[in-house]
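Chemist: Sharing model_26.txt (compact mmCIF, C-alpha atoms (C1' of nucleotides)) below.
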```
# COMPACT_ATOMS: atom_id res chain seq x y z
CA MET A 24 -93.61 -34.26 -117.03
CA ASP A 25 -95.92 -36.99 -118.23
CA ALA A 26 -97.89 -38.20 -115.20
CA GLN A 27 -99.23 -41.20 -117.02
CA LEU A 28 -95.79 -42.33 -118.04
CA ARG A 29 -94.58 -41.80 -114.48
CA ASP A 30 -97.29 -43.99 -113.01
CA ARG A 31 -96.95 -46.64 -115.64
CA TRP A 32 -93.22 -46.83 -115.02
CA LEU A 33 -93.59 -46.98 -111.25
CA ALA A 34 -96.10 -49.79 -111.54
CA THR A 35 -93.91 -51.75 -113.93
CA ALA A 36 -90.87 -51.19 -111.76
CA HIS A 37 -92.52 -52.39 -108.58
CA GLU A 38 -93.83 -55.38 -110.41
CA ARG A 39 -90.49 -56.33 -111.83
CA LEU A 40 -88.62 -55.77 -108.59
CA ALA A 41 -91.07 -58.01 -106.76
CA ALA A 42 -90.78 -60.64 -109.47
CA ALA A 43 -87.01 -60.55 -109.00
CA GLY A 44 -87.49 -61.33 -105.33
CA LEU A 45 -86.23 -57.99 -104.12
CA ARG A 46 -87.52 -56.20 -101.07
CA THR A 47 -88.86 -52.72 -100.60
CA GLY A 48 -86.30 -50.25 -99.31
CA ALA A 49 -86.73 -46.64 -98.38
CA ALA A 50 -83.80 -45.39 -100.44
CA ARG A 51 -84.84 -47.22 -103.56
CA GLU A 52 -88.42 -46.00 -103.24
CA ARG A 53 -87.21 -42.42 -103.05
CA VAL A 54 -84.92 -42.88 -106.02
CA MET A 55 -87.64 -44.50 -108.06
CA GLU A 56 -90.10 -41.73 -107.41
CA CYS A 57 -87.50 -39.19 -108.35
CA LEU A 58 -86.71 -41.08 -111.54
CA ALA A 59 -90.35 -41.51 -112.51
CA ARG A 60 -90.82 -37.78 -112.17
CA ASP A 61 -87.54 -36.39 -113.44
CA ALA A 62 -85.92 -38.99 -115.66
CA GLN A 63 -88.31 -39.03 -118.56
CA CYS A 64 -85.35 -37.75 -120.51
CA LEU A 65 -81.69 -38.33 -119.64
CA VAL A 66 -80.65 -37.06 -116.24
CA SER A 67 -77.21 -37.27 -114.76
CA VAL A 68 -76.44 -39.01 -111.50
CA GLN A 69 -75.41 -35.70 -110.04
CA GLU A 70 -78.73 -34.14 -110.95
CA LEU A 71 -80.55 -37.02 -109.36
CA MET A 72 -78.43 -36.70 -106.23
CA ASP A 73 -79.24 -33.01 -106.01
CA ARG A 74 -82.95 -33.54 -106.45
CA LEU A 75 -83.02 -36.28 -103.87
CA ARG A 76 -81.31 -33.99 -101.40
CA ARG A 77 -83.66 -31.17 -102.24
CA ASP A 78 -86.64 -33.44 -101.74
CA GLY A 79 -85.40 -33.86 -98.22
CA GLY A 80 -84.97 -37.61 -98.31
CA GLY A 81 -81.21 -37.55 -98.45
CA GLY A 82 -79.75 -40.90 -99.40
CA SER A 83 -76.19 -41.86 -100.08
CA GLN A 84 -74.30 -41.68 -103.30
CA ALA A 85 -73.35 -45.32 -103.08
CA SER A 86 -76.97 -46.38 -102.82
CA LEU A 87 -77.92 -44.21 -105.74
CA TYR A 88 -75.32 -45.79 -108.00
CA ARG A 89 -76.25 -49.25 -106.80
CA ILE A 90 -79.94 -48.65 -107.36
CA LEU A 91 -79.44 -47.19 -110.82
CA ASP A 92 -77.33 -50.14 -111.82
CA GLU A 93 -79.92 -52.52 -110.47
CA LEU A 94 -82.82 -50.88 -112.28
CA HIS A 95 -80.78 -50.75 -115.46
CA GLY A 96 -80.04 -54.44 -115.08
CA LEU A 97 -83.76 -55.13 -114.83
CA GLY A 98 -84.33 -53.22 -118.04
CA LEU A 99 -86.18 -50.43 -116.29
CA LEU A 100 -83.72 -47.72 -117.27
CA HIS A 101 -81.77 -46.79 -120.36
CA ARG A 102 -78.22 -45.74 -119.73
CA HIS A 103 -76.24 -43.33 -121.90
CA VAL A 104 -72.76 -42.00 -121.60
CA LEU A 105 -72.20 -38.44 -122.74
CA PRO A 106 -69.05 -37.19 -124.43
CA ASP A 107 -67.81 -35.90 -121.09
CA GLY A 108 -67.81 -39.44 -119.75
CA THR A 109 -70.63 -39.08 -117.27
CA SER A 110 -73.57 -41.42 -117.43
CA ARG A 111 -77.19 -40.48 -117.64
CA TYR A 112 -80.32 -42.49 -117.18
CA GLU A 113 -83.89 -42.35 -118.31
CA LEU A 114 -87.01 -44.43 -117.97
CA ALA A 115 -87.24 -47.43 -120.24
CA LEU A 116 -90.73 -48.40 -121.29
CA PRO A 117 -92.00 -49.88 -124.54
CA GLY A 118 -93.08 -47.21 -126.96
CA THR A 119 -91.22 -44.39 -125.31
CA ARG A 120 -87.91 -44.75 -127.07
CA HIS A 121 -86.42 -41.57 -128.39
CA HIS A 122 -83.15 -40.19 -129.66
CA HIS A 123 -81.09 -37.34 -128.30
CA PHE A 124 -79.79 -34.04 -129.38
CA VAL A 125 -76.97 -32.37 -127.49
CA ASP A 126 -76.97 -28.61 -127.83
CA GLU A 127 -73.34 -27.57 -127.94
CA ALA A 128 -74.22 -24.04 -126.94
CA SER A 129 -75.96 -24.90 -123.69
CA GLY A 130 -74.80 -28.46 -123.07
CA ARG A 131 -78.42 -29.48 -122.76
CA VAL A 132 -79.71 -32.84 -123.84
CA GLU A 133 -83.08 -32.95 -125.51
CA PRO A 134 -85.12 -35.84 -126.79
CA PHE A 135 -86.64 -36.26 -130.18
CA THR A 136 -88.34 -39.07 -132.00
CA ASP A 137 -88.21 -39.83 -135.67
CA PRO A 138 -89.91 -42.86 -137.16
CA ASP A 139 -87.91 -42.66 -140.38
CA LEU A 140 -84.66 -42.70 -138.50
CA GLU A 141 -85.88 -45.58 -136.38
CA ARG A 142 -86.72 -47.47 -139.53
CA ALA A 143 -83.35 -46.74 -141.09
CA ILE A 144 -81.60 -48.15 -138.05
CA ALA A 145 -83.66 -51.31 -138.05
CA THR A 146 -82.94 -51.74 -141.74
CA ALA A 147 -79.22 -51.22 -141.24
CA ALA A 148 -79.14 -53.81 -138.48
CA ARG A 149 -80.96 -56.28 -140.67
CA ARG A 150 -78.54 -55.70 -143.53
CA LEU A 151 -75.64 -56.34 -141.20
CA GLY A 152 -77.16 -59.58 -140.03
CA LEU A 153 -77.50 -58.44 -136.46
CA ARG A 154 -79.99 -59.18 -133.78
CA MET A 155 -80.24 -55.69 -132.39
CA THR A 156 -80.73 -55.35 -128.65
CA GLY A 157 -80.39 -51.61 -128.48
CA HIS A 158 -79.29 -48.51 -130.26
CA GLU A 159 -78.35 -44.99 -129.52
CA VAL A 160 -78.36 -41.95 -131.74
CA VAL A 161 -76.88 -38.71 -130.54
CA ILE A 162 -76.88 -35.66 -132.75
CA THR A 163 -74.58 -32.87 -131.71
CA GLY A 164 -75.12 -29.36 -132.94
CA ARG A 165 -76.64 -26.00 -132.41
CA ARG A 166 -80.06 -24.68 -133.03
CA ALA A 167 -80.12 -22.92 -136.33
CA VAL A 168 -80.88 -19.24 -135.87
CA THR A 169 -84.57 -19.38 -136.53
CA ASP A 170 -85.33 -15.65 -136.62
CA GLY A 171 -89.00 -16.44 -136.54
CA ARG A 172 -88.89 -18.59 -139.63
CA ASP A 173 -90.91 -21.79 -139.60
CA GLN A 174 -88.64 -24.71 -138.86
CA GLY A 175 -90.83 -27.11 -140.78
CA SER A 176 -92.93 -29.82 -139.21
CA SER A 177 -91.37 -31.13 -136.06
CA ALA A 178 -89.85 -34.55 -136.22
CA ASP A 179 -91.33 -35.18 -132.81
CA ALA A 180 -94.29 -37.47 -132.77
CA PRO A 181 -97.38 -35.54 -131.66
CA MET B 16 -55.15 -51.13 -142.29
CA ASP B 17 -55.70 -48.76 -145.16
CA ALA B 18 -52.29 -47.34 -146.11
CA GLN B 19 -53.78 -44.67 -148.31
CA LEU B 20 -56.02 -43.45 -145.54
CA ARG B 21 -53.09 -43.48 -143.15
CA ASP B 22 -50.96 -41.34 -145.41
CA ARG B 23 -53.75 -38.98 -146.26
CA TRP B 24 -54.50 -38.45 -142.60
CA LEU B 25 -50.88 -37.88 -141.67
CA ALA B 26 -50.52 -35.31 -144.41
CA THR B 27 -53.69 -33.51 -143.38
CA ALA B 28 -52.68 -33.60 -139.75
CA HIS B 29 -49.24 -32.14 -140.34
CA GLU B 30 -50.76 -29.48 -142.50
CA ARG B 31 -53.34 -28.48 -139.96
CA LEU B 32 -50.92 -28.52 -137.05
CA ALA B 33 -48.56 -26.25 -138.95
CA ALA B 34 -51.44 -23.97 -139.88
CA ALA B 35 -52.31 -23.72 -136.20
CA GLY B 36 -48.79 -22.54 -135.50
CA LEU B 37 -47.81 -25.60 -133.54
CA ARG B 38 -44.34 -27.06 -133.50
CA THR B 39 -43.14 -30.55 -134.22
CA GLY B 40 -42.59 -32.67 -131.16
CA ALA B 41 -41.26 -36.17 -130.85
CA ALA B 42 -44.07 -37.45 -128.67
CA ARG B 43 -46.79 -36.10 -130.91
CA GLU B 44 -45.13 -37.52 -134.01
CA ARG B 45 -45.05 -40.94 -132.43
CA VAL B 46 -48.66 -40.70 -131.34
CA MET B 47 -49.76 -39.53 -134.77
CA GLU B 48 -48.04 -42.36 -136.53
CA CYS B 49 -49.60 -44.81 -134.16
CA LEU B 50 -53.03 -43.29 -134.72
CA ALA B 51 -52.69 -43.23 -138.49
CA ARG B 52 -51.89 -46.91 -138.41
CA ASP B 53 -54.10 -48.22 -135.64
CA ALA B 54 -56.96 -45.81 -135.15
CA GLN B 55 -58.85 -46.27 -138.39
CA CYS B 56 -61.62 -47.56 -136.17
CA LEU B 57 -62.14 -46.66 -132.50
CA VAL B 58 -59.21 -47.43 -130.24
CA SER B 59 -59.06 -46.80 -126.53
CA VAL B 60 -56.44 -44.62 -124.90
CA GLN B 61 -55.15 -47.66 -123.07
CA GLU B 62 -54.68 -49.55 -126.31
CA LEU B 63 -52.81 -46.63 -127.79
CA MET B 64 -50.63 -46.40 -124.71
CA ASP B 65 -49.80 -50.09 -124.98
CA ARG B 66 -48.95 -49.87 -128.65
CA LEU B 67 -46.76 -46.85 -128.14
CA ARG B 68 -44.86 -48.69 -125.44
CA ARG B 69 -44.56 -51.76 -127.62
CA ASP B 70 -43.26 -49.63 -130.48
CA GLY B 71 -40.45 -48.69 -128.17
CA GLY B 72 -41.01 -44.98 -128.19
CA GLY B 73 -42.45 -44.76 -124.73
CA GLY B 74 -44.13 -41.45 -124.03
CA SER B 75 -46.08 -40.36 -121.04
CA GLN B 76 -49.74 -40.81 -120.37
CA ALA B 77 -50.20 -37.11 -119.81
CA SER B 78 -48.77 -36.30 -123.22
CA LEU B 79 -50.98 -38.88 -124.86
CA TYR B 80 -54.14 -37.40 -123.37
CA ARG B 81 -53.00 -33.90 -124.20
CA ILE B 82 -52.17 -34.81 -127.77
CA LEU B 83 -55.44 -36.65 -128.33
CA ASP B 84 -57.38 -33.71 -127.01
CA GLU B 85 -55.44 -31.38 -129.22
CA LEU B 86 -55.97 -33.41 -132.37
CA HIS B 87 -59.62 -33.78 -131.54
CA GLY B 88 -59.86 -30.03 -131.12
CA LEU B 89 -58.38 -29.58 -134.58
CA GLY B 90 -61.01 -31.89 -136.01
CA LEU B 91 -58.47 -34.58 -136.82
CA LEU B 92 -60.01 -37.20 -134.57
CA HIS B 93 -63.50 -38.34 -133.70
CA ARG B 94 -64.05 -39.07 -130.05
CA HIS B 95 -66.56 -41.56 -128.71
CA VAL B 96 -67.39 -42.65 -125.22
CA LEU B 97 -68.38 -46.25 -124.76
CA PRO B 98 -70.96 -47.46 -122.27
CA ASP B 99 -68.17 -48.32 -119.84
CA GLY B 100 -67.21 -44.67 -119.70
CA THR B 101 -63.86 -44.91 -121.46
CA SER B 102 -63.18 -42.77 -124.48
CA ARG B 103 -62.02 -43.96 -127.84
CA TYR B 104 -60.66 -42.14 -130.81
CA GLU B 105 -60.47 -42.67 -134.53
CA LEU B 106 -59.23 -40.77 -137.54
CA ALA B 107 -61.52 -38.06 -138.84
CA LEU B 108 -61.34 -37.44 -142.56
CA PRO B 109 -64.04 -36.41 -145.00
CA GLY B 110 -65.69 -39.39 -146.59
CA THR B 111 -64.58 -41.87 -143.98
CA ARG B 112 -67.39 -41.42 -141.50
CA HIS B 113 -68.92 -44.61 -140.24
CA HIS B 114 -71.18 -45.87 -137.49
CA HIS B 115 -70.49 -48.47 -134.87
CA PHE B 116 -71.80 -51.76 -133.80
CA VAL B 117 -70.97 -53.15 -130.38
CA ASP B 118 -71.09 -56.90 -130.23
CA GLU B 119 -72.48 -57.79 -126.83
CA ALA B 120 -71.03 -61.24 -127.04
CA SER B 121 -67.41 -60.20 -127.52
CA GLY B 122 -67.44 -56.56 -126.47
CA ARG B 123 -65.87 -55.70 -129.80
CA VAL B 124 -66.58 -52.49 -131.63
CA GLU B 125 -66.93 -52.71 -135.38
CA PRO B 126 -67.54 -50.05 -137.98
CA PHE B 127 -70.19 -50.01 -140.63
CA THR B 128 -71.43 -47.45 -143.08
CA ASP B 129 -74.93 -46.97 -144.33
CA PRO B 130 -75.86 -44.15 -146.69
CA ASP B 131 -79.57 -44.50 -145.97
CA LEU B 132 -78.99 -44.15 -142.27
CA GLU B 133 -76.75 -41.18 -142.89
CA ARG B 134 -79.47 -39.58 -144.94
CA ALA B 135 -82.11 -40.25 -142.31
CA ILE B 136 -79.99 -38.51 -139.70
CA ALA B 137 -79.42 -35.48 -141.85
CA THR B 138 -83.12 -35.28 -142.54
CA ALA B 139 -83.98 -35.56 -138.86
CA ALA B 140 -81.57 -32.77 -137.99
CA ARG B 141 -83.07 -30.57 -140.66
CA ARG B 142 -86.58 -31.22 -139.38
CA LEU B 143 -85.48 -30.26 -135.90
CA GLY B 144 -84.01 -27.01 -137.14
CA LEU B 145 -80.48 -27.92 -136.11
CA ARG B 146 -77.14 -27.11 -137.53
CA MET B 147 -75.58 -30.51 -137.00
CA THR B 148 -71.90 -30.61 -136.10
CA GLY B 149 -71.69 -34.30 -135.44
CA HIS B 150 -73.60 -37.45 -134.80
CA GLU B 151 -73.06 -40.85 -133.39
CA VAL B 152 -74.95 -44.04 -133.95
CA VAL B 153 -74.21 -47.09 -131.90
CA ILE B 154 -76.10 -50.28 -132.45
CA THR B 155 -75.81 -52.86 -129.73
CA GLY B 156 -76.57 -56.48 -130.43
CA ARG B 157 -75.33 -59.85 -131.43
CA ARG B 158 -74.61 -61.38 -134.74
CA ALA B 159 -77.58 -63.38 -135.86
CA VAL B 160 -76.71 -67.03 -136.25
CA THR B 161 -76.15 -67.06 -139.96
CA ASP B 162 -75.84 -70.80 -140.54
CA GLY B 163 -74.67 -70.10 -144.05
CA ARG B 164 -77.75 -68.21 -145.06
CA ASP B 165 -77.23 -65.11 -147.18
CA GLN B 166 -77.40 -62.03 -145.01
CA GLY B 167 -78.47 -59.82 -147.87
CA SER B 168 -76.32 -57.18 -149.44
CA SER B 169 -73.94 -55.66 -146.96
CA ALA B 170 -74.75 -52.23 -145.69
CA ASP B 171 -71.09 -51.40 -146.04
CA ALA B 172 -70.31 -49.15 -148.92
CA PRO B 173 -68.16 -50.98 -151.45
C1' DT C 7 -34.33 -16.35 -127.48
C1' DT C 8 -39.17 -17.45 -127.08
C1' DA C 9 -43.22 -20.01 -127.23
C1' DG C 10 -44.27 -24.73 -127.49
C1' DA C 11 -43.75 -29.60 -126.16
C1' DT C 12 -42.84 -33.25 -122.72
C1' DG C 13 -42.60 -36.09 -118.51
C1' DC C 14 -43.37 -36.83 -113.78
C1' DA C 15 -46.12 -36.65 -110.02
C1' DA C 16 -50.12 -35.11 -107.82
C1' DA C 17 -54.83 -33.82 -107.92
C1' DG C 18 -59.80 -34.37 -109.60
C1' DC C 19 -63.90 -36.75 -110.90
C1' DT C 20 -67.02 -40.20 -111.38
C1' DT C 21 -68.07 -44.74 -110.05
C1' DT C 22 -67.32 -49.06 -107.33
C1' DT C 23 -66.40 -51.84 -103.16
C1' DG C 24 -65.99 -53.41 -98.23
C1' DC C 25 -68.29 -53.55 -94.09
C1' DA C 26 -71.13 -52.90 -90.20
C1' DG C 27 -75.64 -51.79 -88.86
C1' DG C 28 -80.63 -51.48 -89.97
C1' DA C 29 -84.95 -53.10 -92.32
C1' DT C 30 -88.18 -56.37 -94.60
C1' DA C 31 -90.80 -60.42 -95.46
C1' DT D 27 -84.55 -64.95 -88.45
C1' DA D 28 -82.46 -64.92 -92.94
C1' DT D 29 -81.86 -61.88 -96.45
C1' DC D 30 -81.70 -57.97 -98.44
C1' DC D 31 -81.01 -52.84 -98.11
C1' DT D 32 -78.31 -48.54 -96.62
C1' DG D 33 -74.83 -45.45 -95.49
C1' DC D 34 -70.19 -44.30 -94.54
C1' DA D 35 -65.70 -44.29 -95.87
C1' DA D 36 -62.12 -45.93 -98.59
C1' DA D 37 -60.55 -47.60 -103.00
C1' DA D 38 -60.27 -47.72 -108.05
C1' DG D 39 -60.18 -46.06 -112.64
C1' DC D 40 -59.69 -42.79 -116.06
C1' DT D 41 -58.43 -38.07 -117.10
C1' DT D 42 -56.58 -33.50 -116.15
C1' DT D 43 -53.32 -30.13 -114.10
C1' DG D 44 -49.05 -27.98 -112.10
C1' DC D 45 -44.51 -27.41 -112.73
C1' DA D 46 -39.84 -27.73 -114.08
C1' DT D 47 -37.21 -28.99 -118.08
C1' DC D 48 -36.19 -29.53 -122.74
C1' DT D 49 -36.58 -28.22 -127.73
C1' DA D 50 -38.01 -26.48 -132.29
C1' DA D 51 -38.02 -22.41 -134.99
```
Let me see whether you can do it: turn the structure in this file into structure tokens.
Modeler:
Amino acid sequence: MDAQLRDRWLATAHERLAAAGLRTGAARERVMECLARDAQCLVSVQELMDRLRRDGGGGSQASLYRILDELHGLGLLHRHVLPDGTSRYELALPGTRHHHFVDEASGRVEPFTDPDLERAIATAARRLGLRMTGHEVVITGRRAVTDGRDQGSSADAP
Amino acid sequence: MDAQLRDRWLATAHERLAAAGLRTGAARERVMECLARDAQCLVSVQELMDRLRRDGGGGSQASLYRILDELHGLGLLHRHVLPDGTSRYELALPGTRHHHFVDEASGRVEPFTDPDLERAIATAARRLGLRMTGHEVVITGRRAVTDGRDQGSSADAP
DNA sequence: TTAGATGCAAAGCTTTTGCAGGATA
DNA sequence: TATCCTGCAAAAGCTTTGCATCTAA
């Protein structure tokens, strides 16, 4: 968990909510703190619900969905839909964009970044004559059996 | 609609179904013909249902879902989930893979291909040490106002 | 004759909505 | 005090399942 990212997101979020003329509510504050901490990479609504309950705060499902939709509308969250049809959210902040890999073996979603891929997407959009507002890359697969072999330099930015 | 693609897919599908020891059923035949014709780029289950009804054949919703799942399991269909949570299918055949662009203005989904992008994805997967079984790229945006200007060479393979 | 294939209806899941009551600025 | 925020419960969609029936091989 990146504490700096968490704080930066919380600050931005509060700022933007205030600018939108919205008030401070207990439920939303709890959700936002949970997101800032646990949604640095895609989390499902169910996972969020569980963590909120575990954190003691409680909160209703309806509020959670409403709040997520609201934050997404303000551009504070990215929203993805997995092949199973459930939606997942993660913090949206400039410079933190990443792609996703779904491990078929475990069902886990993991982030990765790749400047070349990013570039290729931008180029493709330009070729198509599009003003791109967003993009999503999901690679599905399994970890190659590494048996200790070097996997080559990580595509993840350091 | 690409008649050659349609026929090639139907042939492959029949072949693979037979190889899997499955029997011929009226409902599945109708669905397959509809897919071969209308699912060369992502169609929703609802759209398929409508077209099947319009074609007169009828068929139940349960069968449609079952058949789609079955064909997907045999690798004959690609399955995508759009941001609204509904799933869409399209024919899966070697050499016909393409990416998707969602036009925010119209909500339409359109296909495009881009060898460079394809390459970038393969490279990224390799770097990550993954055995890739699938990938999905969705670009969201709007068509730039072209006002007659050349958009550059199309990213679509000729 | 036997294992699939199909349709109908009901159940399951995630997500959304309606409303009344409770906060915030 | 006027909005906005919350929670509860019910509703809405899309998708899956159970079960009895029909059919291809």
Chemist: Per residue of chain D within 9 Å of chain B, which atom pair is closest and at what distance in Å (one decimal), using only C-alpha atoms (C1' of nucleotides), listed by chain and increasing number, as CSV?
Modeler:
```
residue,atom,partner,partner_atom,distance
D:DC40,C1',B:Thr101,CA,7.1
D:DT41,C1',B:Tyr80,CA,7.6
D:DT42,C1',B:Ala77,CA,8.2
D:DT49,C1',B:Gly40,CA,8.2
D:DA50,C1',B:Arg38,CA,6.5
D:DA51,C1',B:Arg38,CA,8.0
```
Chemist: Quick one: pull the distance between atom CA of B:Glu62 and atom C1' of C:DT22, Å, one decimal.
Modeler: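 Pair atom CA of B:Glu62 / atom C1' of C:DT22 returns 22.8 Å.
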Chemist: I need the residue nearest chain B from this list: C:DT7, C:DG18, C:DG13, C:DG27. Use only C-alpha atoms (C1' of nucleotides) for the distance.
Modeler: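 For chain B, the nearest of the given residues is C:DG13.
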Chemist: Write out as CSV a residue-level contact list of chain B versus chain A with cut-off 7 Å: for each qualifying residue the closest pair of atoms and the distance in Å to one decimal, counting all atoms listed in the file, rows sorted by chain and residue number upward.
Modeler:
```
residue,atom,partner,partner_atom,distance
B:His95,CA,A:Pro106,CA,6.6
B:Val96,CA,A:Pro106,CA,5.8
B:Leu97,CA,A:Val104,CA,6.9
B:Pro98,CA,A:Val104,CA,5.8
B:Gly100,CA,A:Gly108,CA,5.3
B:Thr101,CA,A:Gly108,CA,7.0
B:Asp129,CA,A:Ala147,CA,6.8
B:Asp131,CA,A:Ala143,CA,6.6
B:Leu132,CA,A:Ala143,CA,5.2
B:Ala135,CA,A:Leu140,CA,5.2
B:Ile136,CA,A:Leu140,CA,6.4
B:Ala139,CA,A:Ala178,CA,6.5
B:Arg142,CA,A:Ala178,CA,5.6
B:Leu143,CA,A:Ser177,CA,6.0
B:Gly144,CA,A:Gln174,CA,5.4
B:Leu145,CA,A:Arg166,CA,4.5
B:Arg146,CA,A:Arg165,CA,5.3
B:Met147,CA,A:Gly164,CA,4.2
B:Thr148,CA,A:Gly164,CA,4.7
B:Gly149,CA,A:Thr163,CA,4.9
B:His150,CA,A:Ile162,CA,4.3
B:Glu151,CA,A:Val161,CA,5.2
B:Val152,CA,A:Val160,CA,4.6
B:Val153,CA,A:Glu159,CA,5.2
B:Ile154,CA,A:His158,CA,4.3
B:Thr155,CA,A:Gly157,CA,4.9
B:Gly156,CA,A:Met155,CA,4.2
B:Arg157,CA,A:Arg154,CA,5.3
B:Arg158,CA,A:Leu153,CA,4.5
B:Ala159,CA,A:Leu153,CA,5.0
B:Gln166,CA,A:Gly152,CA,5.6
B:Gly167,CA,A:Arg150,CA,6.0
B:Ser168,CA,A:Arg150,CA,6.5
B:Ser169,CA,A:Arg150,CA,5.7
B:Ala170,CA,A:Arg150,CA,5.6
```
Chemist: Looking at B:Val46, B:Ala51, B:Leu25, B:Ala18, which one is nearest to B:Leu67, with distances taken over all atoms listed in the file?
Modeler: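 Closest candidate: B:Val46.
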Chemist: Distance limit 8 Å, atoms considered: only C-alpha atoms (C1' of nucleotides). Which chain C residues sit that close to chain A? Return them as a list in words.
Modeler: DT20, DT21, DA29, DT30 and DA31 of chain C
Chemist: Only C-alpha atoms (C1' of nucleotides), please: the residues just picked out, written as an mmCIF file, in the frame of the given file.
Modeler:
```
data_model
loop_
_atom_site.group_PDB
_atom_site.id
_atom_site.type_symbol
_atom_site.label_atom_id
_atom_site.label_comp_id
_atom_site.auth_asym_id
_atom_site.auth_seq_id
_atom_site.Cartn_x
_atom_site.Cartn_y
_atom_site.Cartn_z
ATOM 1 C "C1'" DT C 20 -67.020 -40.200 -111.380
ATOM 2 C "C1'" DT C 21 -68.070 -44.740 -110.050
ATOM 3 C "C1'" DA C 29 -84.950 -53.100 -92.320
ATOM 4 C "C1'" DT C 30 -88.180 -56.370 -94.600
ATOM 5 C "C1'" DA C 31 -90.800 -60.420 -95.460
#
```
Chemist: Mind pulling up the distance from atom C1' of C:DT12 to atom C1' of D:DC48?
Modeler: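 Atom-to-atom, atom C1' of D:DC48 to atom C1' of C:DT12, that is 7.6 Å.
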Chemist: Env of C:DT23: 9 Å cut, atoms = all atoms listed in the file, seq-sep filter 5 positions within chain, self excluded. Answer as a list in words.
Modeler: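 Close residues of C:DT23: DA36, DA37 and DA38 of chain D.
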